[in-house]
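*Asks:* My file is structure03.cif. It has mmCIF, C-alpha atoms:
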data_work
#
loop_
_atom_site.label_atom_id
_atom_site.label_comp_id
_atom_site.auth_asym_id
_atom_site.auth_seq_id
_atom_site.Cartn_x
_atom_site.Cartn_y
_atom_site.Cartn_z
CA ASP A 116 103.89 134.12 100.34
CA LYS A 117 102.39 130.75 101.34
CA ALA A 118 99.66 130.89 98.68
CA ALA A 119 102.22 131.42 95.92
CA GLU A 120 104.37 128.58 97.25
CA ALA A 121 101.35 126.25 97.37
CA THR A 122 100.43 127.22 93.80
CA ALA A 123 103.94 126.43 92.56
CA PHE A 124 103.98 123.14 94.50
CA VAL A 125 100.69 121.93 92.99
CA SER A 126 101.60 123.17 89.52
CA ASP A 127 104.85 121.18 89.59
CA LEU A 128 103.02 118.07 90.83
CA ALA A 129 100.35 118.50 88.12
CA ASP A 130 103.06 118.64 85.45
CA ARG A 131 104.51 115.39 86.78
CA VAL A 132 101.06 113.75 86.74
CA ALA A 133 100.56 114.81 83.11
CA ALA A 134 104.00 113.47 82.17
CA ALA A 135 103.26 110.17 83.95
CA ALA A 136 99.94 109.92 82.11
CA ILE A 137 101.63 110.33 78.71
CA LYS A 138 104.34 107.81 79.65
CA SER A 139 101.72 105.32 80.89
CA GLN A 140 100.35 104.83 77.36
CA ASP A 141 103.39 102.68 76.51
CA ALA A 142 104.59 101.58 79.96
CA ALA A 143 104.08 98.34 81.87
CA ALA A 144 101.68 98.33 84.83
CA ASP A 145 104.48 97.90 87.40
CA GLU A 146 106.32 100.91 85.98
CA ILE A 147 103.17 103.04 86.08
CA ARG A 148 102.55 102.09 89.70
CA ALA A 149 106.17 102.90 90.59
CA ASP A 150 105.82 106.34 88.98
CA PHE A 151 102.65 107.10 90.92
CA LYS A 152 104.19 105.78 94.15
CA SER A 153 106.98 108.33 93.64
CA LEU A 154 104.42 111.10 93.10
CA LEU A 155 102.57 110.01 96.23
CA ASP A 156 105.73 110.01 98.37
CA ASP A 157 106.82 113.43 97.12
CA GLY A 158 103.45 115.18 97.16
CA PHE A 159 101.16 113.70 99.82
CA ASP A 160 101.28 113.29 103.60
CA VAL A 161 99.86 109.75 103.59
CA PRO A 162 100.25 109.12 107.37
CA VAL A 163 98.25 112.27 108.18
CA ILE A 164 95.54 111.38 105.66
CA ALA A 165 95.42 107.79 106.92
CA GLN A 166 94.97 108.87 110.53
CA PHE A 167 92.21 111.28 109.54
CA VAL A 168 90.20 108.75 107.52
CA VAL A 169 90.33 106.25 110.39
CA GLY A 170 89.23 108.84 112.95
CA ARG A 171 88.75 107.74 116.55
CA TYR A 172 89.57 104.13 115.68
CA TRP A 173 93.22 105.14 115.28
CA ARG A 174 93.67 105.60 119.03
CA ARG A 175 91.84 102.35 119.76
CA SER A 176 94.11 100.27 117.53
CA THR A 177 97.42 98.52 118.13
CA GLU A 178 100.67 99.70 116.59
CA GLU A 179 100.71 96.62 114.36
CA GLU A 180 97.19 97.37 113.09
CA ARG A 181 98.13 100.97 112.34
CA GLU A 182 101.29 100.01 110.46
CA ARG A 183 99.38 97.44 108.42
CA PHE A 184 96.68 99.97 107.61
CA LEU A 185 99.27 102.50 106.40
CA GLU A 186 100.67 99.89 104.02
CA LEU A 187 97.25 98.87 102.73
CA PHE A 188 95.97 102.44 102.47
CA GLN A 189 98.96 103.50 100.40
CA ASP A 190 98.66 100.43 98.16
CA MET A 191 94.97 101.19 97.65
CA ILE A 192 95.72 104.78 96.64
CA VAL A 193 98.38 103.63 94.18
CA GLN A 194 96.15 100.93 92.66
CA THR A 195 93.11 103.21 92.38
CA TYR A 196 94.79 106.26 90.91
CA THR A 197 97.14 104.37 88.60
CA SER A 198 94.16 103.36 86.47
CA GLN A 199 92.93 106.95 86.48
CA ILE A 200 96.33 108.23 85.38
CA THR A 201 96.34 105.70 82.54
CA SER A 202 92.97 106.94 81.27
CA PHE A 203 93.89 110.59 81.83
CA GLY A 204 95.97 110.81 78.66
CA GLY A 205 98.05 113.84 79.65
CA GLU A 206 95.49 116.56 79.06
CA GLY A 207 96.45 119.98 80.38
CA ILE A 208 96.11 120.73 84.10
CA SER A 209 95.96 124.42 84.95
CA VAL A 210 95.77 126.27 88.26
CA VAL A 211 92.74 128.58 88.34
CA SER A 212 92.83 129.91 91.93
CA THR A 213 94.47 129.62 95.32
CA ARG A 214 93.10 130.65 98.70
CA GLU A 215 94.43 130.39 102.24
CA ASP A 216 91.96 128.58 104.52
CA ASN A 217 94.09 129.46 107.53
CA PRO A 218 97.78 130.19 108.25
CA LYS A 219 98.58 126.46 107.88
CA ILE A 220 96.38 125.40 104.93
CA ALA A 221 95.99 126.61 101.35
CA VAL A 222 93.51 125.25 98.80
CA VAL A 223 94.70 125.23 95.19
CA THR A 224 91.97 124.73 92.59
CA THR A 225 92.92 123.23 89.24
CA GLU A 226 91.08 122.31 86.06
CA ILE A 227 91.77 119.39 83.74
CA ASP A 228 91.15 120.25 80.10
CA ARG A 229 89.27 117.29 78.59
CA GLY A 230 89.05 118.76 75.10
CA ASP A 231 86.08 120.14 73.20
CA ALA A 232 83.87 117.16 74.03
CA ALA A 233 83.51 117.85 77.75
CA GLU A 234 83.61 120.58 80.37
CA PRO A 235 86.88 120.96 82.31
CA PHE A 236 87.14 118.69 85.36
CA GLU A 237 87.78 120.54 88.62
CA LEU A 238 90.16 119.29 91.31
CA GLY A 239 91.04 121.05 94.55
CA TRP A 240 94.20 120.32 96.54
CA ARG A 241 94.40 121.05 100.28
CA VAL A 242 98.04 121.83 100.93
CA ARG A 243 99.73 122.00 104.33
CA THR A 244 101.95 125.04 104.10
CA THR A 245 103.84 124.66 107.39
CA GLY A 246 107.03 122.64 107.53
CA GLU A 247 107.48 120.40 104.49
CA MET A 248 104.71 121.26 102.02
CA ARG A 249 102.39 118.31 101.40
CA ILE A 250 98.86 117.63 100.09
CA ILE A 251 96.48 116.39 102.79
CA ASP A 252 93.24 116.13 100.79
CA VAL A 253 91.91 116.12 97.24
CA ILE A 254 88.57 117.78 96.50
CA VAL A 255 86.82 116.23 93.49
CA GLU A 256 84.08 118.44 92.03
CA GLY A 257 83.57 120.06 95.43
CA VAL A 258 83.63 116.81 97.45
CA SER A 259 86.46 116.03 99.88
CA ARG A 260 88.01 112.65 99.10
CA ALA A 261 89.30 112.30 102.67
CA GLN A 262 85.86 112.99 104.16
CA THR A 263 84.28 110.47 101.80
CA GLN A 264 86.78 107.79 102.76
CA ARG A 265 86.34 108.59 106.45
CA SER A 266 82.59 107.94 106.16
CA GLU A 267 83.07 104.75 104.14
CA TYR A 268 85.73 103.35 106.47
CA ALA A 269 83.78 104.23 109.61
CA SER A 270 80.89 102.12 108.33
CA VAL A 271 83.20 99.17 107.70
CA MET A 272 84.89 99.46 111.10
CA ARG A 273 81.58 99.70 112.97
CA ASN A 274 80.44 96.47 111.38
CA SER A 275 83.69 94.52 111.41
CA GLY A 276 85.41 95.18 114.73
CA GLY A 277 87.57 98.23 114.20
CA LEU A 278 90.78 98.74 112.25
CA SER A 279 91.61 95.04 112.03
CA GLY A 280 88.32 94.46 110.22
CA LEU A 281 89.03 97.33 107.83
CA ASN A 282 92.48 95.90 107.14
CA GLU A 283 90.91 92.57 106.18
CA ALA A 284 88.43 94.32 103.88
CA LEU A 285 91.23 96.27 102.17
CA GLU A 286 93.32 93.12 101.74
CA LYS A 287 90.42 91.44 99.94
CA GLN A 288 89.78 94.49 97.79
CA LEU A 289 93.45 94.75 96.81
CA ALA A 290 93.54 91.04 95.96
CA LYS A 291 90.64 91.55 93.54
CA LEU A 292 92.39 94.56 91.97
CA ASP A 293 95.58 92.51 91.56
CA VAL A 294 93.66 89.76 89.78
CA GLY A 295 92.09 92.35 87.49
CA ASN A 296 95.48 93.86 86.71
CA ASP A 297 96.97 90.42 85.99
CA ASP A 298 94.11 89.65 83.59
CA GLU A 299 94.56 92.99 81.84
CA GLU A 300 98.31 92.48 81.47
CA ALA A 301 97.78 88.94 80.16
CA GLU A 302 95.27 90.27 77.62
CA THR A 303 97.75 92.93 76.50
CA GLU A 304 100.49 90.32 76.10
CA ALA A 305 98.13 88.07 74.15
CA ASP A 306 97.20 90.95 71.84
CA ALA A 307 100.87 91.72 71.27
CA ALA A 308 101.58 88.06 70.49
CA THR A 309 98.69 87.97 68.03
CA GLU A 310 100.00 91.08 66.28
CA THR A 311 103.48 89.55 66.07
CA GLU A 312 102.07 86.35 64.56
CA ALA A 313 100.03 88.35 62.05
CA GLU A 314 103.12 90.33 61.05
CA ALA A 315 105.07 87.07 60.63
CA ASP A 316 102.31 85.67 58.43
CA ASP A 317 102.36 88.82 56.31
CA VAL A 318 106.13 88.49 55.86
CA SER A 319 105.78 84.83 54.91
CA GLU A 320 103.12 85.64 52.33
CA GLU A 321 105.29 88.37 50.86
CA GLU A 322 108.26 85.99 50.66
CA GLU A 323 106.14 83.29 48.99
CA SER A 324 104.78 85.82 46.50
CA ALA A 325 108.27 87.07 45.71
CA ALA A 326 109.52 83.49 45.22
CA ALA A 327 106.60 82.67 42.91
CA THR A 328 107.24 85.78 40.85
CA ALA A 329 110.93 84.96 40.56
CA GLY A 330 110.09 81.40 39.52
#
Now, as a test, write the supplied structure out as structure tokens.
*Replies:*
Amino acid sequence: DKAAEATAFVSDLADRVAAAAIKSQDAAADEIRADFKSLLDDGFDVPVIAQFVVGRYWRRSTEEERERFLELFQDMIVQTYTSQITSFGGEGISVVSTREDNPKIAVVTTEIDRGDAAEPFELGWRVRTTGEMRIIDVIVEGVSRAQTQRSEYASVMRNSGGLSGLNEALEKQLAKLDVGNDDEEAETEADAATETEAEADDVSEEEESAAATAG
């Protein structure tokens, strides 16, 4: 039963996402990105998604441009969703339904329990059920992420000379994200150093007080 297999596949992946989210609360940024990269490799068909979001420009591009785009596209996914995993917090993800779109595709709908303060967040996963099972699209509140990226990227490529122009735009965007991550990590390290200094001061004060009392 392909629907049952797709349900089990997404459920297992959702459990791994939740575990990564809990771990991310105390992990370094590089470790979080490595965890999500592993999830991406195991669960998603990135080359298929990449070719879809580029559309007709894929055939018009050189092999070097395609390979570079695959690298950048994967890095962008990892950077973007790592921050979302960090803020996720490990709330429960439950499968609510599965349907077969056709003999090759199943759509598994899940809900993220965000507690009493908010309605559950709905995510759909388009799963290729032929060959090695892989996710080929994520549907966020009814909107296809792949379709959205295809529209956004088409606009960039029309205005910047095809895939090479998109690659340049992604390189710049990733550079900005890297700077932001470096600043965030530096701030975290500074906070930790401040806490350590404060603890040292507290210890010193306690030692001085003890010495004064003894005297």
*Asks:* Identify which of the residues A:Val193, A:Val271, A:Ala129, A:Ala118 lies closest to Glu146 in chain A, counting only C-alpha atoms when measuring atom-to-atom distances.
*Replies:*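 Smallest distance to Glu146 in chain A is found for A:Val193.
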*Asks:* Near Asp127 in chain A, within 12 Å and counting only C-alpha atoms, which residues show up once chain neighbours fewer than 4 positions away are dropped, as a ChimeraX atom specification?
*Replies:* /A:120-123,131-134,154,157-158,208-210
*Asks:* Determine the residue set returned by the PyMOL selection byres ((chain A and resi 225) around 9) for the present structure, and present it as a list in words.
*Replies:*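 Given this file, the PyMOL selection byres ((chain A and resi 225) around 9) evaluates to Val125, Ser126, Ala129, Ile208, Ser209, Val210, Val211, Ser212, Thr213, Val223, Thr224, Glu226, Ile227, Phe236, Glu237, Leu238, Gly239 and Trp240 of chain A.
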*Asks:* What would the file look like if the residues just selected were written as an mmCIF file, keeping the file's coordinate frame with C-alpha atoms?
*Replies:*
data_model
loop_
_atom_site.group_PDB
_atom_site.id
_atom_site.type_symbol
_atom_site.label_atom_id
_atom_site.label_comp_id
_atom_site.auth_asym_id
_atom_site.auth_seq_id
_atom_site.Cartn_x
_atom_site.Cartn_y
_atom_site.Cartn_z
ATOM 1 C CA VAL A 125 100.690 121.930 92.990
ATOM 2 C CA SER A 126 101.600 123.170 89.520
ATOM 3 C CA ALA A 129 100.350 118.500 88.120
ATOM 4 C CA ILE A 208 96.110 120.730 84.100
ATOM 5 C CA SER A 209 95.960 124.420 84.950
ATOM 6 C CA VAL A 210 95.770 126.270 88.260
ATOM 7 C CA VAL A 211 92.740 128.580 88.340
ATOM 8 C CA SER A 212 92.830 129.910 91.930
ATOM 9 C CA THR A 213 94.470 129.620 95.320
ATOM 10 C CA VAL A 223 94.700 125.230 95.190
ATOM 11 C CA THR A 224 91.970 124.730 92.590
ATOM 12 C CA GLU A 226 91.080 122.310 86.060
ATOM 13 C CA ILE A 227 91.770 119.390 83.740
ATOM 14 C CA PHE A 236 87.140 118.690 85.360
ATOM 15 C CA GLU A 237 87.780 120.540 88.620
ATOM 16 C CA LEU A 238 90.160 119.290 91.310
ATOM 17 C CA GLY A 239 91.040 121.050 94.550
ATOM 18 C CA TRP A 240 94.200 120.320 96.540
#
*Asks:* Would you kindly translate the PyMOL selection byres ((chain A and resi 159) around 12) into the concrete residues it picks from this file, as a ChimeraX atom specification?
*Replies:* /A:124-125,128,151-158,160-165,189,192-193,240-243,247-253
*Asks:* Could you tell me how far CA of Ile254 in chain A lies from CA of Ala135 in chain A, in Å and to one decimal?
*Replies:*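 For CA of Ile254 in chain A relative to CA of Ala135 in chain A, the distance reads 20.8 Å.
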*Asks:* Name the residues that the PyMOL selection byres ((chain A and resi 169) around 10) pulls out of this structure, and write them as a short mmCIF file (atom, residue, chain, number, x, y, z; two decimals) with C-alpha atoms, in the coordinates of the input.
*Replies:*
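Saved result, result-v2.cif, follows:
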data_model
loop_
_atom_site.label_atom_id
_atom_site.label_comp_id
_atom_site.auth_asym_id
_atom_site.auth_seq_id
_atom_site.Cartn_x
_atom_site.Cartn_y
_atom_site.Cartn_z
CA ILE A 164 95.54 111.38 105.66
CA ALA A 165 95.42 107.79 106.92
CA GLN A 166 94.97 108.87 110.53
CA PHE A 167 92.21 111.28 109.54
CA VAL A 168 90.20 108.75 107.52
CA GLY A 170 89.23 108.84 112.95
CA ARG A 171 88.75 107.74 116.55
CA TYR A 172 89.57 104.13 115.68
CA TRP A 173 93.22 105.14 115.28
CA ARG A 174 93.67 105.60 119.03
CA ARG A 181 98.13 100.97 112.34
CA PHE A 184 96.68 99.97 107.61
CA ALA A 261 89.30 112.30 102.67
CA GLN A 264 86.78 107.79 102.76
CA ARG A 265 86.34 108.59 106.45
CA SER A 266 82.59 107.94 106.16
CA GLU A 267 83.07 104.75 104.14
CA TYR A 268 85.73 103.35 106.47
CA ALA A 269 83.78 104.23 109.61
CA MET A 272 84.89 99.46 111.10
CA GLY A 277 87.57 98.23 114.20
CA LEU A 278 90.78 98.74 112.25
CA LEU A 281 89.03 97.33 107.83
#
*Asks:* Work out how far CA of Glu256 in chain A is from CA of Ala149 in chain A, in Å to one decimal.
*Replies:*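 Straight-line distance from CA of Ala149 in chain A to CA of Glu256 in chain A works out to 27.0 Å.
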*Asks:* Would you compute the distance between CA of Arg148 in chain A and CA of Ser279 in chain A? Give it in Å to one decimal.
*Replies:*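 Between CA of Arg148 in chain A and CA of Ser279 in chain A the gap works out to 25.8 Å.
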*Asks:* Would you please work out which residue, of A:Ala143, A:Thr245, A:Glu286, A:Asn274, is nearest to Ala221 in chain A when using only C-alpha atoms?
*Replies:*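 Of A:Ala143, A:Thr245, A:Glu286, A:Asn274, the one nearest Ala221 in chain A, counting only C-alpha atoms, is A:Thr245.
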